[in-house]
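**Student:** File follows, final22.cif with mmCIF, N, CA and C atoms:
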data_my_file
loop_
_atom_site.label_atom_id
_atom_site.label_comp_id
_atom_site.auth_asym_id
_atom_site.auth_seq_id
_atom_site.Cartn_x
_atom_site.Cartn_y
_atom_site.Cartn_z
N ALA A 16 89.42 99.72 89.77
CA ALA A 16 90.07 98.85 88.80
C ALA A 16 91.46 98.44 89.30
N LEU A 17 92.17 99.40 89.89
CA LEU A 17 93.52 99.09 90.38
C LEU A 17 93.46 98.08 91.54
N LEU A 18 92.49 98.24 92.42
CA LEU A 18 92.35 97.30 93.54
C LEU A 18 92.05 95.90 93.01
N ASN A 19 91.19 95.79 92.02
CA ASN A 19 90.88 94.48 91.43
C ASN A 19 92.11 93.88 90.75
N ALA A 20 92.90 94.72 90.08
CA ALA A 20 94.13 94.24 89.44
C ALA A 20 95.11 93.72 90.49
N CYS A 21 95.21 94.42 91.62
CA CYS A 21 96.07 93.97 92.71
C CYS A 21 95.62 92.61 93.22
N HIS A 22 94.32 92.45 93.36
CA HIS A 22 93.77 91.17 93.81
C HIS A 22 94.08 90.07 92.80
N LEU A 23 93.84 90.35 91.55
CA LEU A 23 94.05 89.37 90.48
C LEU A 23 95.50 88.93 90.38
N HIS A 24 96.43 89.86 90.54
CA HIS A 24 97.84 89.56 90.36
C HIS A 24 98.60 89.30 91.66
N GLY A 25 97.89 89.38 92.79
CA GLY A 25 98.51 89.08 94.07
C GLY A 25 99.44 90.17 94.59
N TRP A 26 99.19 91.40 94.17
CA TRP A 26 100.01 92.52 94.61
C TRP A 26 99.46 93.04 95.93
N VAL A 27 99.80 92.37 97.00
CA VAL A 27 99.21 92.63 98.31
C VAL A 27 99.60 94.00 98.86
N GLU A 28 100.87 94.35 98.80
CA GLU A 28 101.30 95.62 99.38
C GLU A 28 100.62 96.81 98.70
N LEU A 29 100.62 96.83 97.38
CA LEU A 29 99.96 97.91 96.65
C LEU A 29 98.45 97.85 96.89
N GLY A 30 97.89 96.65 96.90
CA GLY A 30 96.46 96.49 97.13
C GLY A 30 96.02 97.02 98.48
N GLU A 31 96.85 96.81 99.48
CA GLU A 31 96.52 97.32 100.82
C GLU A 31 96.50 98.85 100.82
N VAL A 32 97.49 99.46 100.18
CA VAL A 32 97.54 100.92 100.11
C VAL A 32 96.32 101.45 99.36
N VAL A 33 96.04 100.87 98.21
CA VAL A 33 94.90 101.30 97.39
C VAL A 33 93.59 101.07 98.15
N GLY A 34 93.44 99.90 98.75
CA GLY A 34 92.22 99.58 99.48
C GLY A 34 91.95 100.52 100.64
N ARG A 35 92.97 100.80 101.41
CA ARG A 35 92.81 101.73 102.54
C ARG A 35 92.43 103.13 102.05
N GLN A 36 93.05 103.55 100.96
CA GLN A 36 92.75 104.87 100.41
C GLN A 36 91.30 104.92 99.92
N LEU A 37 90.85 103.87 99.27
CA LEU A 37 89.47 103.82 98.78
C LEU A 37 88.47 103.85 99.93
N VAL A 38 88.77 103.16 101.01
CA VAL A 38 87.88 103.17 102.18
C VAL A 38 87.80 104.59 102.75
N GLN A 39 88.93 105.29 102.77
CA GLN A 39 88.92 106.68 103.26
C GLN A 39 88.12 107.59 102.34
N LEU A 40 88.28 107.40 101.03
CA LEU A 40 87.60 108.26 100.06
C LEU A 40 86.10 107.98 99.98
N GLN A 41 85.72 106.71 100.11
CA GLN A 41 84.31 106.31 100.00
C GLN A 41 83.91 105.39 101.15
N PRO A 42 83.81 105.94 102.36
CA PRO A 42 83.53 105.11 103.54
C PRO A 42 82.14 104.46 103.55
N ASP A 43 81.25 104.89 102.67
CA ASP A 43 79.91 104.30 102.63
C ASP A 43 79.75 103.26 101.52
N HIS A 44 80.82 102.95 100.81
CA HIS A 44 80.78 102.02 99.67
C HIS A 44 81.21 100.64 100.14
N ASP A 45 80.29 99.67 100.10
CA ASP A 45 80.58 98.32 100.60
C ASP A 45 81.73 97.65 99.86
N GLY A 46 81.85 97.90 98.57
CA GLY A 46 82.87 97.25 97.77
C GLY A 46 84.28 97.59 98.17
N ARG A 47 84.47 98.75 98.79
CA ARG A 47 85.82 99.16 99.20
C ARG A 47 86.32 98.28 100.35
N TYR A 48 85.45 98.01 101.31
CA TYR A 48 85.81 97.16 102.44
C TYR A 48 86.00 95.71 101.98
N ILE A 49 85.10 95.24 101.13
CA ILE A 49 85.18 93.88 100.64
C ILE A 49 86.46 93.69 99.83
N GLY A 50 86.79 94.67 98.99
CA GLY A 50 88.02 94.60 98.21
C GLY A 50 89.26 94.54 99.09
N LEU A 51 89.30 95.38 100.11
CA LEU A 51 90.43 95.37 101.05
C LEU A 51 90.49 94.04 101.79
N SER A 52 89.35 93.54 102.21
CA SER A 52 89.29 92.25 102.89
C SER A 52 89.81 91.13 101.98
N ASN A 53 89.45 91.19 100.71
CA ASN A 53 89.92 90.17 99.76
C ASN A 53 91.43 90.24 99.55
N ILE A 54 91.98 91.44 99.56
CA ILE A 54 93.44 91.60 99.45
C ILE A 54 94.12 90.90 100.63
N TYR A 55 93.60 91.14 101.82
CA TYR A 55 94.17 90.48 103.00
C TYR A 55 94.01 88.96 102.91
N ALA A 56 92.88 88.53 102.40
CA ALA A 56 92.61 87.09 102.32
C ALA A 56 93.59 86.38 101.38
N ILE A 57 93.93 87.00 100.25
CA ILE A 57 94.87 86.31 99.34
C ILE A 57 96.26 86.21 99.97
N ALA A 58 96.55 87.09 100.92
CA ALA A 58 97.83 87.04 101.65
C ALA A 58 97.71 86.17 102.90
N ARG A 59 96.54 85.58 103.09
CA ARG A 59 96.25 84.76 104.27
C ARG A 59 96.39 85.54 105.58
N ARG A 60 96.07 86.81 105.49
CA ARG A 60 96.07 87.67 106.68
C ARG A 60 94.64 87.74 107.19
N TRP A 61 94.21 86.63 107.76
CA TRP A 61 92.80 86.41 108.09
C TRP A 61 92.27 87.40 109.12
N GLN A 62 93.07 87.74 110.11
CA GLN A 62 92.59 88.68 111.14
C GLN A 62 92.30 90.04 110.53
N GLU A 63 93.17 90.48 109.62
CA GLU A 63 92.97 91.78 108.98
C GLU A 63 91.78 91.74 108.02
N ALA A 64 91.60 90.61 107.35
CA ALA A 64 90.44 90.46 106.46
C ALA A 64 89.15 90.55 107.27
N LYS A 65 89.16 89.87 108.40
CA LYS A 65 87.98 89.90 109.28
C LYS A 65 87.74 91.30 109.83
N LYS A 66 88.83 92.00 110.18
CA LYS A 66 88.71 93.34 110.73
C LYS A 66 88.13 94.31 109.71
N ALA A 67 88.53 94.20 108.44
CA ALA A 67 88.00 95.09 107.41
C ALA A 67 86.48 94.95 107.31
N ARG A 68 85.99 93.72 107.37
CA ARG A 68 84.54 93.50 107.32
C ARG A 68 83.85 93.95 108.60
N LYS A 69 84.54 93.81 109.73
CA LYS A 69 83.98 94.25 111.00
C LYS A 69 83.84 95.77 111.03
N VAL A 70 84.86 96.47 110.53
CA VAL A 70 84.81 97.93 110.47
C VAL A 70 83.63 98.37 109.59
N MET A 71 83.44 97.67 108.48
CA MET A 71 82.31 97.96 107.60
C MET A 71 80.99 97.84 108.36
N GLU A 72 80.87 96.77 109.11
CA GLU A 72 79.65 96.53 109.89
C GLU A 72 79.47 97.59 110.98
N GLU A 73 80.55 97.92 111.67
CA GLU A 73 80.49 98.91 112.75
C GLU A 73 80.08 100.28 112.22
N ARG A 74 80.46 100.58 111.00
CA ARG A 74 80.11 101.87 110.39
C ARG A 74 78.72 101.85 109.76
N GLY A 75 78.05 100.72 109.87
CA GLY A 75 76.69 100.62 109.34
C GLY A 75 76.60 100.48 107.83
N VAL A 76 77.70 100.09 107.21
CA VAL A 76 77.70 99.89 105.75
C VAL A 76 77.20 98.49 105.46
N LYS A 77 76.15 98.40 104.67
CA LYS A 77 75.55 97.10 104.32
C LYS A 77 76.06 96.62 102.98
N LYS A 78 76.33 95.32 102.89
CA LYS A 78 76.77 94.74 101.63
C LYS A 78 75.55 94.57 100.73
N ILE A 79 75.65 95.13 99.55
CA ILE A 79 74.58 95.02 98.57
C ILE A 79 74.83 93.76 97.74
N PRO A 80 73.87 92.85 97.69
CA PRO A 80 74.10 91.61 96.94
C PRO A 80 74.24 91.87 95.45
N GLY A 81 75.15 91.13 94.84
CA GLY A 81 75.32 91.23 93.40
C GLY A 81 74.18 90.54 92.68
N PHE A 82 74.01 90.86 91.41
CA PHE A 82 72.93 90.23 90.65
C PHE A 82 73.31 90.16 89.18
N SER A 83 72.58 89.34 88.48
CA SER A 83 72.71 89.22 87.03
C SER A 83 71.37 89.52 86.41
N GLU A 84 71.39 90.03 85.20
CA GLU A 84 70.15 90.29 84.46
C GLU A 84 70.27 89.68 83.08
N ILE A 85 69.13 89.20 82.60
CA ILE A 85 69.09 88.63 81.26
C ILE A 85 67.78 89.04 80.60
N ASP A 86 67.85 89.35 79.33
CA ASP A 86 66.67 89.73 78.55
C ASP A 86 66.18 88.49 77.81
N VAL A 87 64.96 88.09 78.11
CA VAL A 87 64.34 86.94 77.44
C VAL A 87 63.04 87.41 76.83
N GLY A 88 62.97 87.37 75.52
CA GLY A 88 61.75 87.76 74.83
C GLY A 88 61.34 89.20 75.11
N GLY A 89 62.31 90.09 75.26
CA GLY A 89 62.00 91.49 75.50
C GLY A 89 61.66 91.81 76.95
N ARG A 90 61.79 90.84 77.81
CA ARG A 90 61.50 91.04 79.24
C ARG A 90 62.77 90.82 80.05
N LEU A 91 63.09 91.79 80.91
CA LEU A 91 64.30 91.73 81.71
C LEU A 91 64.05 90.92 82.99
N HIS A 92 64.92 89.93 83.23
CA HIS A 92 64.84 89.10 84.43
C HIS A 92 66.09 89.33 85.26
N ARG A 93 65.91 89.57 86.56
CA ARG A 93 67.03 89.80 87.48
C ARG A 93 67.16 88.59 88.40
N PHE A 94 68.41 88.17 88.61
CA PHE A 94 68.69 87.02 89.46
C PHE A 94 69.71 87.40 90.51
N ILE A 95 69.37 87.10 91.76
CA ILE A 95 70.27 87.29 92.89
C ILE A 95 70.58 85.90 93.43
N ALA A 96 71.82 85.67 93.84
CA ALA A 96 72.23 84.35 94.33
C ALA A 96 71.27 83.82 95.39
N HIS A 97 70.80 82.62 95.17
CA HIS A 97 69.91 81.90 96.09
C HIS A 97 68.56 82.59 96.31
N ASP A 98 68.19 83.48 95.42
CA ASP A 98 66.90 84.17 95.51
C ASP A 98 65.82 83.27 94.91
N LYS A 99 64.72 83.15 95.58
CA LYS A 99 63.62 82.30 95.10
C LYS A 99 62.42 83.11 94.63
N ALA A 100 62.59 84.42 94.50
CA ALA A 100 61.46 85.29 94.15
C ALA A 100 61.01 85.12 92.70
N HIS A 101 61.89 84.71 91.82
CA HIS A 101 61.52 84.55 90.41
C HIS A 101 60.52 83.41 90.27
N SER A 102 59.51 83.62 89.46
CA SER A 102 58.45 82.62 89.30
C SER A 102 58.95 81.29 88.75
N GLY A 103 60.06 81.29 88.05
CA GLY A 103 60.60 80.05 87.48
C GLY A 103 61.78 79.49 88.24
N SER A 104 61.94 79.88 89.51
CA SER A 104 63.11 79.47 90.30
C SER A 104 63.31 77.96 90.34
N ARG A 105 62.25 77.21 90.58
CA ARG A 105 62.40 75.75 90.67
C ARG A 105 62.95 75.18 89.38
N GLU A 106 62.40 75.61 88.27
CA GLU A 106 62.84 75.10 86.98
C GLU A 106 64.27 75.55 86.66
N ILE A 107 64.58 76.79 87.01
CA ILE A 107 65.92 77.32 86.76
C ILE A 107 66.96 76.53 87.55
N TYR A 108 66.70 76.31 88.84
CA TYR A 108 67.65 75.57 89.66
C TYR A 108 67.73 74.11 89.23
N ALA A 109 66.63 73.53 88.79
CA ALA A 109 66.67 72.15 88.28
C ALA A 109 67.58 72.06 87.07
N LEU A 110 67.46 73.03 86.17
CA LEU A 110 68.32 73.05 84.98
C LEU A 110 69.78 73.28 85.38
N LEU A 111 70.04 74.18 86.31
CA LEU A 111 71.41 74.39 86.78
C LEU A 111 72.00 73.12 87.39
N ASN A 112 71.19 72.39 88.15
CA ASN A 112 71.67 71.14 88.74
C ASN A 112 72.00 70.12 87.66
N LEU A 113 71.17 70.05 86.62
CA LEU A 113 71.43 69.13 85.52
C LEU A 113 72.73 69.50 84.81
N ILE A 114 72.92 70.78 84.54
CA ILE A 114 74.15 71.25 83.90
C ILE A 114 75.36 70.94 84.77
N THR A 115 75.22 71.13 86.09
CA THR A 115 76.31 70.84 87.02
C THR A 115 76.69 69.37 86.97
N VAL A 116 75.70 68.50 86.98
CA VAL A 116 75.96 67.06 86.93
C VAL A 116 76.69 66.72 85.63
N GLU A 117 76.22 67.26 84.51
CA GLU A 117 76.86 67.00 83.22
C GLU A 117 78.30 67.51 83.20
N MET A 118 78.54 68.69 83.79
CA MET A 118 79.91 69.22 83.83
C MET A 118 80.81 68.32 84.66
N LYS A 119 80.31 67.85 85.78
CA LYS A 119 81.10 66.98 86.65
C LYS A 119 81.44 65.68 85.93
N MET A 120 80.48 65.12 85.20
CA MET A 120 80.71 63.86 84.48
C MET A 120 81.68 64.06 83.32
N LYS A 121 81.53 65.17 82.61
CA LYS A 121 82.33 65.41 81.41
C LYS A 121 83.78 65.73 81.74
N ASP A 122 83.99 66.65 82.64
CA ASP A 122 85.34 67.16 82.88
C ASP A 122 85.89 66.83 84.25
N ASP A 123 85.13 66.06 85.03
CA ASP A 123 85.54 65.76 86.40
C ASP A 123 85.81 67.05 87.17
N VAL A 124 84.92 68.03 86.98
CA VAL A 124 85.04 69.34 87.59
C VAL A 124 84.47 69.30 89.01
N VAL A 125 85.16 69.96 89.93
CA VAL A 125 84.66 70.06 91.30
C VAL A 125 83.89 71.37 91.41
N ILE A 126 82.59 71.26 91.68
CA ILE A 126 81.72 72.43 91.81
C ILE A 126 81.12 72.39 93.20
N PRO A 127 81.23 73.48 93.95
CA PRO A 127 80.68 73.49 95.31
C PRO A 127 79.19 73.15 95.32
N GLU A 128 78.78 72.39 96.33
CA GLU A 128 77.39 71.95 96.43
C GLU A 128 76.41 73.12 96.54
N TYR A 129 76.80 74.18 97.20
CA TYR A 129 75.90 75.32 97.38
C TYR A 129 75.63 76.08 96.10
N PHE A 130 76.41 75.82 95.06
CA PHE A 130 76.32 76.58 93.81
C PHE A 130 74.94 76.53 93.20
N CYS A 131 74.32 75.37 93.19
CA CYS A 131 73.03 75.22 92.50
C CYS A 131 71.94 74.69 93.40
N THR A 132 72.10 74.79 94.68
CA THR A 132 71.11 74.23 95.59
C THR A 132 69.90 75.14 95.72
N TYR A 133 68.74 74.56 95.56
CA TYR A 133 67.48 75.28 95.77
C TYR A 133 67.02 74.95 97.16
N ARG A 134 66.92 75.97 98.00
CA ARG A 134 66.50 75.74 99.39
C ARG A 134 65.16 76.35 99.63
#
Could you write out this structure as C-alpha cells?
**Tutor:**
Amino acid sequence: ALLNACHLHGWVELGEVVGRQLVQLQPDHDGRYIGLSNIYAIARRWQEAKKARKVMEERGVKKIPGFSEIDVGGRLHRFIAHDKAHSGSREIYALLNLITVEMKMKDDVVIPEYFCTYR
C-alpha cells in the first residue's frame, strides 16, 4: 500500500526505498519489481526502470497477468486483457468498441487504440 501511495503521489525517494525493501523481502513476487519499476518510470529514470524488470526476468520471476471477474446470472466470468478464450469475446469487444466510439464523440476523449482491439 505504501509503495502504491508513493507512486500515486510522486514520492520517488521514499518509493525507491520501499520498493527495494519489498523486493528483498519478497523476491518471488512480480508486483514488487513492477512497483519499483513504476516508481523509477514516474521519475523518468528509464534505465533503472528497465533494470528492475530485467532483474525480475533474470531471477525467473514471471509477471502474472491481471484479470477482472464479473458475476452474470450466478455465473462467474473472468477476463484477462486481450484474452479471446471467453465464448462471447467477439461480442464483448464489439460492445467495447461501440462504447469507445461513443465516449470519443461525447467527450472528445483520447483512448488508446489497443484498448478495445480484438485481434
**Student:** Running DSSP on the backbone, which parts of chain A land in strand (DSSP E), as a PyMOL selection string?
**Tutor:** chain A and resi 82-87+90-95
**Student:** What does the distance from atom CA of Asp98 of chain A to atom CA of Gly81 of chain A come to in Å, to one decimal?
**Tutor:**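 One can read the atom CA of Asp98 of chain A to atom CA of Gly81 of chain A distance as 11.2 Å.
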**Student:** Quick check on the file I pasted: which residues fall under the PyMOL selection byres ((chain A and resi 50) around 8)? Write them as a PDB file with N, CA and C atoms, in the frame of the given file.
**Tutor:**
ATOM      1  N   LEU A  18      92.490  98.240  92.420  1.00  0.00           N
ATOM      2  CA  LEU A  18      92.350  97.300  93.540  1.00  0.00           C
ATOM      3  C   LEU A  18      92.050  95.900  93.010  1.00  0.00           C
ATOM      4  N   ASN A  19      91.190  95.790  92.020  1.00  0.00           N
ATOM      5  CA  ASN A  19      90.880  94.480  91.430  1.00  0.00           C
ATOM      6  C   ASN A  19      92.110  93.880  90.750  1.00  0.00           C
ATOM      7  N   HIS A  22      94.320  92.450  93.360  1.00  0.00           N
ATOM      8  CA  HIS A  22      93.770  91.170  93.810  1.00  0.00           C
ATOM      9  C   HIS A  22      94.080  90.070  92.800  1.00  0.00           C
ATOM     10  N   GLY A  30      97.890  96.650  96.900  1.00  0.00           N
ATOM     11  CA  GLY A  30      96.460  96.490  97.130  1.00  0.00           C
ATOM     12  C   GLY A  30      96.020  97.020  98.480  1.00  0.00           C
ATOM     13  N   GLU A  31      96.850  96.810  99.480  1.00  0.00           N
ATOM     14  CA  GLU A  31      96.520  97.320 100.820  1.00  0.00           C
ATOM     15  C   GLU A  31      96.500  98.850 100.820  1.00  0.00           C
ATOM     16  N   VAL A  33      96.040 100.870  98.210  1.00  0.00           N
ATOM     17  CA  VAL A  33      94.900 101.300  97.390  1.00  0.00           C
ATOM     18  C   VAL A  33      93.590 101.070  98.150  1.00  0.00           C
ATOM     19  N   GLY A  34      93.440  99.900  98.750  1.00  0.00           N
ATOM     20  CA  GLY A  34      92.220  99.580  99.480  1.00  0.00           C
ATOM     21  C   GLY A  34      91.950 100.520 100.640  1.00  0.00           C
ATOM     22  N   ARG A  35      92.970 100.800 101.410  1.00  0.00           N
ATOM     23  CA  ARG A  35      92.810 101.730 102.540  1.00  0.00           C
ATOM     24  C   ARG A  35      92.430 103.130 102.050  1.00  0.00           C
ATOM     25  N   ASP A  45      80.290  99.670 100.100  1.00  0.00           N
ATOM     26  CA  ASP A  45      80.580  98.320 100.600  1.00  0.00           C
ATOM     27  C   ASP A  45      81.730  97.650  99.860  1.00  0.00           C
ATOM     28  N   GLY A  46      81.850  97.900  98.570  1.00  0.00           N
ATOM     29  CA  GLY A  46      82.870  97.250  97.770  1.00  0.00           C
ATOM     30  C   GLY A  46      84.280  97.590  98.170  1.00  0.00           C
ATOM     31  N   ARG A  47      84.470  98.750  98.790  1.00  0.00           N
ATOM     32  CA  ARG A  47      85.820  99.160  99.200  1.00  0.00           C
ATOM     33  C   ARG A  47      86.320  98.280 100.350  1.00  0.00           C
ATOM     34  N   TYR A  48      85.450  98.010 101.310  1.00  0.00           N
ATOM     35  CA  TYR A  48      85.810  97.160 102.440  1.00  0.00           C
ATOM     36  C   TYR A  48      86.000  95.710 101.980  1.00  0.00           C
ATOM     37  N   ILE A  49      85.100  95.240 101.130  1.00  0.00           N
ATOM     38  CA  ILE A  49      85.180  93.880 100.640  1.00  0.00           C
ATOM     39  C   ILE A  49      86.460  93.690  99.830  1.00  0.00           C
ATOM     40  N   LEU A  51      89.300  95.380 100.110  1.00  0.00           N
ATOM     41  CA  LEU A  51      90.430  95.370 101.050  1.00  0.00           C
ATOM     42  C   LEU A  51      90.490  94.040 101.790  1.00  0.00           C
ATOM     43  N   SER A  52      89.350  93.540 102.210  1.00  0.00           N
ATOM     44  CA  SER A  52      89.290  92.250 102.890  1.00  0.00           C
ATOM     45  C   SER A  52      89.810  91.130 101.980  1.00  0.00           C
ATOM     46  N   ASN A  53      89.450  91.190 100.710  1.00  0.00           N
ATOM     47  CA  ASN A  53      89.920  90.170  99.760  1.00  0.00           C
ATOM     48  C   ASN A  53      91.430  90.240  99.550  1.00  0.00           C
ATOM     49  N   ILE A  54      91.980  91.440  99.560  1.00  0.00           N
ATOM     50  CA  ILE A  54      93.440  91.600  99.450  1.00  0.00           C
ATOM     51  C   ILE A  54      94.120  90.900 100.630  1.00  0.00           C
ATOM     52  N   TYR A  55      93.600  91.140 101.820  1.00  0.00           N
ATOM     53  CA  TYR A  55      94.170  90.480 103.000  1.00  0.00           C
ATOM     54  C   TYR A  55      94.010  88.960 102.910  1.00  0.00           C
ATOM     55  N   ALA A  56      92.880  88.530 102.400  1.00  0.00           N
ATOM     56  CA  ALA A  56      92.610  87.090 102.320  1.00  0.00           C
ATOM     57  C   ALA A  56      93.590  86.380 101.380  1.00  0.00           C
TER      58      ALA A  56
END
**Student:** Just give me the gap between atom CA of Lys78 of chain A and atom CA of Ala58 of chain A in Å, one decimal is fine.
**Tutor:**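 Between atom CA of Lys78 of chain A and atom CA of Ala58 of chain A the gap works out to 22.4 Å.
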**Student:** Applying 9 Å and only C-alpha atoms, which residues near Lys77 of chain A remain after dropping the ones on its own chain fewer than 6 positions away? List them as a VMD selection string.
**Tutor:** chain A and resid 43 to 45 71
**Student:** Could you check how far atom CA of Phe94 of chain A sits from atom CA of Glu106 of chain A, in Å to one decimal?
**Tutor:**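 It comes out at 13.5 Å.
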**Student:** Using only C-alpha atoms, which of the listed residues (A:Gly25, A:Arg93, A:Ala20, A:Met118) sits closest to Arg59 of chain A?
**Tutor:**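 Closest to Arg59 of chain A of all the choices is A:Gly25.
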**Student:** Grab segment 67-76 of chain A from that structure and dump all heavy atoms to a file, as a PDB file, in the first residue's frame.
**Tutor:**
ATOM      1  N   ALA A  67      15.059  -2.893 -13.215  1.00  0.00           N
ATOM      2  CA  ALA A  67      14.208  -3.585 -12.242  1.00  0.00           C
ATOM      3  C   ALA A  67      13.475  -4.747 -12.915  1.00  0.00           C
ATOM      4  O   ALA A  67      13.382  -5.851 -12.366  1.00  0.00           O
ATOM      5  CB  ALA A  67      13.209  -2.617 -11.615  1.00  0.00           C
ATOM      6  N   ARG A  68      12.972  -4.517 -14.114  1.00  0.00           N
ATOM      7  CA  ARG A  68      12.276  -5.583 -14.842  1.00  0.00           C
ATOM      8  C   ARG A  68      13.242  -6.652 -15.332  1.00  0.00           C
ATOM      9  O   ARG A  68      12.910  -7.836 -15.365  1.00  0.00           O
ATOM     10  CB  ARG A  68      11.463  -4.999 -15.991  1.00  0.00           C
ATOM     11  CG  ARG A  68      10.270  -4.205 -15.473  1.00  0.00           C
ATOM     12  CD  ARG A  68       9.465  -3.596 -16.591  1.00  0.00           C
ATOM     13  NE  ARG A  68       8.369  -2.821 -16.056  1.00  0.00           N
ATOM     14  CZ  ARG A  68       7.095  -3.173 -16.113  1.00  0.00           C
ATOM     15  NH1 ARG A  68       6.753  -4.317 -16.669  1.00  0.00           N
ATOM     16  NH2 ARG A  68       6.154  -2.408 -15.614  1.00  0.00           N
ATOM     17  N   LYS A  69      14.455  -6.241 -15.684  1.00  0.00           N
ATOM     18  CA  LYS A  69      15.459  -7.203 -16.135  1.00  0.00           C
ATOM     19  C   LYS A  69      15.873  -8.121 -14.982  1.00  0.00           C
ATOM     20  O   LYS A  69      16.028  -9.329 -15.164  1.00  0.00           O
ATOM     21  CB  LYS A  69      16.676  -6.477 -16.703  1.00  0.00           C
ATOM     22  CG  LYS A  69      17.707  -7.412 -17.288  1.00  0.00           C
ATOM     23  CD  LYS A  69      18.861  -6.653 -17.902  1.00  0.00           C
ATOM     24  CE  LYS A  69      19.829  -7.667 -18.497  1.00  0.00           C
ATOM     25  NZ  LYS A  69      21.064  -7.055 -18.939  1.00  0.00           N
ATOM     26  N   VAL A  70      16.057  -7.540 -13.796  1.00  0.00           N
ATOM     27  CA  VAL A  70      16.412  -8.346 -12.619  1.00  0.00           C
ATOM     28  C   VAL A  70      15.301  -9.363 -12.342  1.00  0.00           C
ATOM     29  O   VAL A  70      15.576 -10.530 -12.041  1.00  0.00           O
ATOM     30  CB  VAL A  70      16.664  -7.440 -11.384  1.00  0.00           C
ATOM     31  CG1 VAL A  70      16.742  -8.257 -10.111  1.00  0.00           C
ATOM     32  CG2 VAL A  70      17.939  -6.626 -11.584  1.00  0.00           C
ATOM     33  N   MET A  71      14.059  -8.923 -12.470  1.00  0.00           N
ATOM     34  CA  MET A  71      12.920  -9.827 -12.281  1.00  0.00           C
ATOM     35  C   MET A  71      13.015 -11.009 -13.250  1.00  0.00           C
ATOM     36  O   MET A  71      12.870 -12.169 -12.849  1.00  0.00           O
ATOM     37  CB  MET A  71      11.600  -9.062 -12.504  1.00  0.00           C
ATOM     38  CG  MET A  71      10.366  -9.906 -12.328  1.00  0.00           C
ATOM     39  SD  MET A  71       8.852  -8.947 -12.545  1.00  0.00           S
ATOM     40  CE  MET A  71       8.500  -9.287 -14.247  1.00  0.00           C
ATOM     41  N   GLU A  72      13.303 -10.700 -14.492  1.00  0.00           N
ATOM     42  CA  GLU A  72      13.422 -11.741 -15.519  1.00  0.00           C
ATOM     43  C   GLU A  72      14.599 -12.674 -15.238  1.00  0.00           C
ATOM     44  O   GLU A  72      14.475 -13.892 -15.334  1.00  0.00           O
ATOM     45  CB  GLU A  72      13.593 -11.078 -16.893  1.00  0.00           C
ATOM     46  CG  GLU A  72      13.664 -12.046 -18.035  1.00  0.00           C
ATOM     47  CD  GLU A  72      13.857 -11.328 -19.362  1.00  0.00           C
ATOM     48  OE1 GLU A  72      13.181 -10.314 -19.602  1.00  0.00           O
ATOM     49  OE2 GLU A  72      14.692 -11.802 -20.157  1.00  0.00           O
ATOM     50  N   GLU A  73      15.733 -12.095 -14.861  1.00  0.00           N
ATOM     51  CA  GLU A  73      16.930 -12.895 -14.576  1.00  0.00           C
ATOM     52  C   GLU A  73      16.710 -13.847 -13.405  1.00  0.00           C
ATOM     53  O   GLU A  73      17.282 -14.937 -13.373  1.00  0.00           O
ATOM     54  CB  GLU A  73      18.122 -11.977 -14.279  1.00  0.00           C
ATOM     55  CG  GLU A  73      18.652 -11.270 -15.505  1.00  0.00           C
ATOM     56  CD  GLU A  73      19.678 -10.195 -15.172  1.00  0.00           C
ATOM     57  OE1 GLU A  73      19.867  -9.875 -13.972  1.00  0.00           O
ATOM     58  OE2 GLU A  73      20.281  -9.666 -16.123  1.00  0.00           O
ATOM     59  N   ARG A  74      15.886 -13.434 -12.465  1.00  0.00           N
ATOM     60  CA  ARG A  74      15.599 -14.273 -11.298  1.00  0.00           C
ATOM     61  C   ARG A  74      14.482 -15.284 -11.576  1.00  0.00           C
ATOM     62  O   ARG A  74      14.103 -16.049 -10.697  1.00  0.00           O
ATOM     63  CB  ARG A  74      15.217 -13.400 -10.105  1.00  0.00           C
ATOM     64  CG  ARG A  74      16.382 -12.579  -9.597  1.00  0.00           C
ATOM     65  CD  ARG A  74      15.999 -11.743  -8.407  1.00  0.00           C
ATOM     66  NE  ARG A  74      17.138 -10.982  -7.923  1.00  0.00           N
ATOM     67  CZ  ARG A  74      17.074 -10.079  -6.959  1.00  0.00           C
ATOM     68  NH1 ARG A  74      15.925  -9.835  -6.348  1.00  0.00           N
ATOM     69  NH2 ARG A  74      18.149  -9.435  -6.586  1.00  0.00           N
ATOM     70  N   GLY A  75      13.973 -15.263 -12.796  1.00  0.00           N
ATOM     71  CA  GLY A  75      12.943 -16.223 -13.174  1.00  0.00           C
ATOM     72  C   GLY A  75      11.556 -15.912 -12.640  1.00  0.00           C
ATOM     73  O   GLY A  75      10.684 -16.778 -12.625  1.00  0.00           O
ATOM     74  N   VAL A  76      11.343 -14.664 -12.234  1.00  0.00           N
ATOM     75  CA  VAL A  76      10.025 -14.261 -11.731  1.00  0.00           C
ATOM     76  C   VAL A  76       9.154 -13.877 -12.919  1.00  0.00           C
ATOM     77  O   VAL A  76       9.526 -13.033 -13.731  1.00  0.00           O
ATOM     78  CB  VAL A  76      10.153 -13.076 -10.746  1.00  0.00           C
ATOM     79  CG1 VAL A  76       8.789 -12.642 -10.242  1.00  0.00           C
ATOM     80  CG2 VAL A  76      11.068 -13.440  -9.588  1.00  0.00           C
TER      81      VAL A  76
END
